[in-house]
Structure formats: C-alpha cells, structure tokens
Protein chains: 2
Amino acid sequence: MKTGIRTGHVVALCGGIGGAKLALGLYRVLDPGQLTVVVNTGDDFEHLGLHVSPDLDTVLYTLGGIADPERGWGRADETWNFMAALGRFGGETWFRLGDRDLAMHVSRTEWLRSGLKLSEFASQTAHSLEISAQVLPMSDDAVRTIVETAEGDLPFQHYFVRRRCEPVVKGIRFQSASAATPSPGVLDLLLNPAVRAIVVCPSNPYLSVDPILSVPGIRDALAKNAAPVIAVSPIIGGEAVKGPTAKIMHELGVAVNTQAIAAHYRGLIDGLVIDEADAADEARAGVPVMVTRTMMRDLADRERLAGDVVAFADKLSRRAIAARAAGGGR
Amino acid sequence: MKTGIRTGHVVALCGGIGGAKLALGLYRVLDPGQLTVVVNTGDDFEHLGLHVSPDLDTVLYTLGGIADPERGWGRADETWNFMAALGRFGGETWFRLGDRDLAMHVSRTEWLRSGLKLSEFASQTAHSLEISAQVLPMSDDAVRTIVETAEGDLPFQHYFVRRRCEPVVKGIRFQSASAATPSPGVLDLLLNPAVRAIVVCPSNPYLSVDPILSVPGIRDALAKNAAPVIAVSPIIGGEAVKGPTAKIMHELGVAVNTQAIAAHYRGLIDGLVIDEADAADEARAGVPVMVTRTMMRDLADRERLAGDVVAFADKLSRRAIAARAAGGGR
C-alpha cells in the first residue's frame, strides 16, 4: 500500500471509533514515524475514582492492534469479571470497563496522581504497545465536553453512554477550554512547515473534533500551516455511519448532509473528502472535494481511504504551490 | 452444629487466612448477629493507587462464601486479565489482584477518597455479601505494620509478598498506632458486659494480632471485660501451620512452641487452645488450656474448633463466676 506515498509527516485529529479507523489506515500506509494523532480528550472523565480517556484508549488500542474488532472500543479477548463483581457490590455499571482495559485506567490514574502528564502516559503506552506513531491528547489540561440538553447539562459520557444520546441536544460547550494549552509538541508540530498534511478524521465534528479545535492555539495553527487541511465527512448518503452525529445535527437545526459538514469546517479546511453516495454535493461544498468510498468496513477500506486522503492532500498541496508560484495566496 | 451453643455475642480478633478460617467456624456455629470480627488493617497498603486491605477482604470473602478455597486469599473463580495487561504495560505485578477482586479495591478507594470511612465500607460490603456478622477494621486510621529487617525497614506487603518473607526479621513496629483510635463501635463492644467471649484467632501473633492490640484502648478493653479472652495457638507440633510465623519467631529469638505463644499473650488471655500434638505443653502454659485438634482442613474442622473454643470460653466464664462468688478476682 505504500507505493506512491511520499515521505512527509501527517497529523491526524481524531475522536474515537470512526476517527481511529482512518488513523489506523494512515498508520499503515505512511512510513514509520510519519504520523501523529492528536486525540480528543473532551470525553475524559473520572469514573469510579479512575481517570478514563475513552478516545485516547480507542486510538492506542486500535494502532496497537489490540482493539476489539466488533465493538470498536475496548480490547479484544476482553472479560468482564470486574464489572460483574462491582455490580454485586451495588457499584455503577453503566460505563463498561473490561478487565484488561482496567490496566490502562488504573495505571493512568496512578500516573496522573503522581503529578505526571497525560501526554507522557500516552507516549509511554504507545511505546509499550510498540506503536511507531505519536499519539497525543489534545491537551494535558482538563477540557470537558458538556452537552446542553432539554434535561439540563450532561457531562459527555453521561449523555453518550448513560443516557444513550436520548436527551435532545440544545448546545455543546467545552468546559475550561479557554484556560487549556495544547499538550507539549502539538503546536510546534502543527506550525511545522515540513508537515505534509493535516487530516480531520471522520469523527463527530461537534462532539469529537470541536473539542480539539477549542483548545487555544490549535485552530490558528491549522490556519497558519501551509500544509493542506483535509477533512473526511462522517456523513454517507445523508446519514451518519455510526453514533449520534445525525441525531445531533438534526437537533441543532443543521441539515444532515456534506454541505453542513463543509460549512462547519469552513475557513479551516482546504479540502473535503466525501462518499460516492454524496457525489451530488460536490459543487455545493465550497471547497475542493474528493469523492471516494468513505465507508471503512475492513482493513483494506481503511488503507485505501487513507491513501486517497493523502493523495488528495498532495494534489492540493501542489495546487497551493502552483498558486503561490503564480503570485496568488493559499 | 448449634446444639449446646448459648446465645451471646462473641468478638473475634483476626488477621488473614488462618484467622478467617476460625472466624468462619464461629460464624457458622453462632446464632446470626452474634459475631463481630475485628480485623487487622496493619497490612493495608496503597498499591497502584488503590487502597488494598488484604485481611479485611479475606474475612469478607470467607464469610461471604466467595473466597478461593485453595489459595485462601482472593476470590473463587477468579481471572487475572487485569494483571496480564498491566504486566504488558510494564506495571507492578508482584502483588496479585484478580479481576473480580479489583471491584473491592476500586470501590474502597473511591469510597475513602470521597471522605467516607473504611469501617463504613466494610459494613456496606458485608451487607452486600449478605453476611450477618459484623466485620470491622481495627481502626479507620492508617496504622501500618513495618517489618524491621536486616535489609532495612519494609512495609508489610513488601516483606510478606514482594520479598516472600526472606529478609531476616529484627523487629516489628506499628507506624502511627499511638495516634489511632479503634473504629466506631469496637471499644463499646469490647467493654460490653454482655459479651460472651473474645477470641484471638490463630493468626500470626506478631504480624496479625499485635497490630490490633497496638491500637490504643483495645488491649485495656480486653483486660476490663469480664468475658473470657481465649487465644487459639497458631503453632501445631512446634511448627506454624502456614506463613512465616515459625521463621519470624526463630528470628526474634523466641522458641517455636505453644509456651512462647502463651508467654506472648500473658496478662491478656484467660485461656489458650492448643493442638493435641502439643498436649505436653499444657502444664507449662501458665493459663488454663484446652487441648483439641486445631488444624482446620475443611469446614467441619472449622465448625468443630469454633464450637470447642466457645465451649472452653463458657467453661472459663462459669469458673470466673464461681471464683467471683467465692470472693476472688477474675
């Protein structure tokens, strides 16, 4: 799959399951060491006294080859005896923590309590799992996604898992974002002129990507970097592949289509990758569009889409160079 | 088994595995609600950021009927996937925490961090496990058993588990004991004239019973209560049944026999239960002795020994009454 892929560093911004699929594709098609994944931590929460980082873990497990292939989250060959025992003691079981998965949460909680940083934990874990990509939380500071619903404000996991996205969403905010800083290395990387492409994975734009963009400095860095910023639309044929994206867009009064995604990322992205089912939307996106198959059912899909995204970025990059050569701006 | 057992409350002081066996025997031969077990927490430690209470858990699992029958500690039908995953991340695996067992540690840690007490956690857990006995830690304060060895001071679990009792013991001390108070209800119970018997289980006297006695007020209460205090010797035929008792006695320059146990508890106990193998020591014990089989291989052994201990206490109690009636002291 590496044929035709130029050397150069790619930065992917991603949330959990859907985003991690493309991150894995990029990880496999790029040369070792050429990928950094900046992961949403707005979903992080303290649960049972443990610091849980659902998206970070999904990315680490996925790139480490130990993610559960069916669920998408958690670990393969997982057992649930902790959960069963906890239930017997009357503990909270609405957020499922597998026995193997617990090693991550217990280690991380101990790590953070000792004063070390989440980004350092992610790096060490990536090393343990022999992942050659860099995996970074968007911030070492606690930015928390709060879903404003008809039933009141809900911390993300309470909305997403405990309430199964049932409450009607009225708004979304990122608590403490204004006081946060990107985790070490993120801004330097995003501002590095040697970056080949910045990829916004097909994660939920509102719940998974916006928290990353809410960290001061990240949005500006994306705008400043000459490398093309490419988003992959999470919408296929007017529906979200998985999760509550479509329901939330509807509740927020946004049409469920690629135009809405393009509009949401306007000013931020240089290109949008959409599915063949939405090919008719190409002309209305307002940015250069690549039409391809964006559904990622198997590993070959992930690699093919990753290759398409990078090729699209390279094409836009050359176009940008040509435009600059002709005296125009980016 | 309840034939011949009078109604009346029994208090057992105990450590882990050996002591819990007799506690279970008492639990089964006494009427429901007639047993309180005061458990050593000198072995408690913070491990992987979790508050682990090995002896308390052994007692709760044993009385709750979910202890592993082979190991004596931990839970039956246990799995070890957390441990395996932790090892892969380079975590500490010398202290084994099973997947089901983890529910206890995670719940307790969260409980304590929220400002609640260990004794409240023990009571709630006993309730969850439908245990009709009262199970209380010796104290809600952190008293920590430190083993002074030829290689320096070691916290108990580091000596016992990590170093497998290999370092030569020079002394034992109970850190912060002087500032500790017995957990709520312990002193009231120990001073209650309605108590029928106080049983010192066949736990290690130096490592498991002494920490309980080190909590200010407990030793005095035992002396003040008119109920007979009966210890069961952990020595059988000049050897310890299990664990490092004999090795420690040897290293502390104490002979490994029932006389040494009697001497250790002198002034505290009204009677000593010893094994048939040590019947020759009866005359040299310096306190009334009951000779019986103290090896507890199966449940019938536990119940029979418990019945013997209570019967012995009742006999001494009547003797004490008679002595008082004749104008003598206790």
# chains A, B, ... in the order shown; residues from 1 in each chain; ligands from 1
>>> closest_atom_pairs(of="segment 13-49 of chain B", to="segment 58-74 of chain B", cutoff="6 Å", atoms="only C-alpha atoms", output="JSON lines")
{"residue": "B:Gly16", "atom": "CA", "partner": "B:Thr58", "partner_atom": "CA", "distance": 5.8}
{"residue": "B:Ile17", "atom": "CA", "partner": "B:Gly72", "partner_atom": "CA", "distance": 5.6}
{"residue": "B:Ala20", "atom": "CA", "partner": "B:Val59", "partner_atom": "CA", "distance": 5.3}
{"residue": "B:Leu24", "atom": "CA", "partner": "B:Leu63", "partner_atom": "CA", "distance": 5.7}
>>> residues_around(residues="Val273 of chain A", least_positions_apart="4", cutoff="7 Å", atoms="only C-alpha atoms", output="number ranges by chain")
A: 231-233, 289-291
>>> write_last_selection(atoms="N, CA and C atoms", output="PDB file, in the first residue's frame")
ATOM      1  N   ALA A 231     -10.523  17.379   5.614  1.00  0.00           N
ATOM      2  CA  ALA A 231     -11.488  16.700   6.486  1.00  0.00           C
ATOM      3  C   ALA A 231     -12.160  15.576   5.708  1.00  0.00           C
ATOM      4  N   VAL A 232     -12.465  14.511   6.403  1.00  0.00           N
ATOM      5  CA  VAL A 232     -13.239  13.426   5.809  1.00  0.00           C
ATOM      6  C   VAL A 232     -14.631  13.499   6.433  1.00  0.00           C
ATOM      7  N   SER A 233     -15.634  13.637   5.578  1.00  0.00           N
ATOM      8  CA  SER A 233     -17.001  13.785   6.080  1.00  0.00           C
ATOM      9  C   SER A 233     -17.489  12.507   6.768  1.00  0.00           C
ATOM     10  N   VAL A 289     -13.196  19.142  -3.373  1.00  0.00           N
ATOM     11  CA  VAL A 289     -13.777  17.902  -2.856  1.00  0.00           C
ATOM     12  C   VAL A 289     -13.151  16.692  -3.552  1.00  0.00           C
ATOM     13  N   MET A 290     -12.906  15.648  -2.793  1.00  0.00           N
ATOM     14  CA  MET A 290     -12.572  14.355  -3.388  1.00  0.00           C
ATOM     15  C   MET A 290     -13.736  13.427  -3.097  1.00  0.00           C
ATOM     16  N   VAL A 291     -14.227  12.783  -4.158  1.00  0.00           N
ATOM     17  CA  VAL A 291     -15.309  11.810  -3.993  1.00  0.00           C
ATOM     18  C   VAL A 291     -14.690  10.417  -4.026  1.00  0.00           C
TER      19      VAL A 291
END
>>> interface_residues(of="chain A", to="chain B", cutoff="7 Å", atoms="only C-alpha atoms", output="ChimeraX atom specification")
/A:48-49,81-82,85-86,89,99-100,102-103,106-107,110,125,128
>>> select_by_dssp(residues="segment 107-210 of chain A", states="alpha helix (DSSP H)", output="MDAnalysis selection string")
chainID A and resid 107:113 118:128 156:157 186:190 210
>>> residues_around(residues="Arg302 of chain A", least_positions_apart="6", cutoff="7 Å", atoms="only C-alpha atoms", output="list in words")
Lys21, Leu22, Leu24, Gly25 and Met296 of chain A
>>> residues_around(residues="Phe45 of chain A", least_positions_apart="2", cutoff="10 Å", atoms="only C-alpha atoms", output="JSON, numbers by chain")
{"A": [41, 42, 43, 47, 48, 49, 50, 51, 52, 53, 54, 142, 143, 144, 145, 155, 156, 157, 158]}
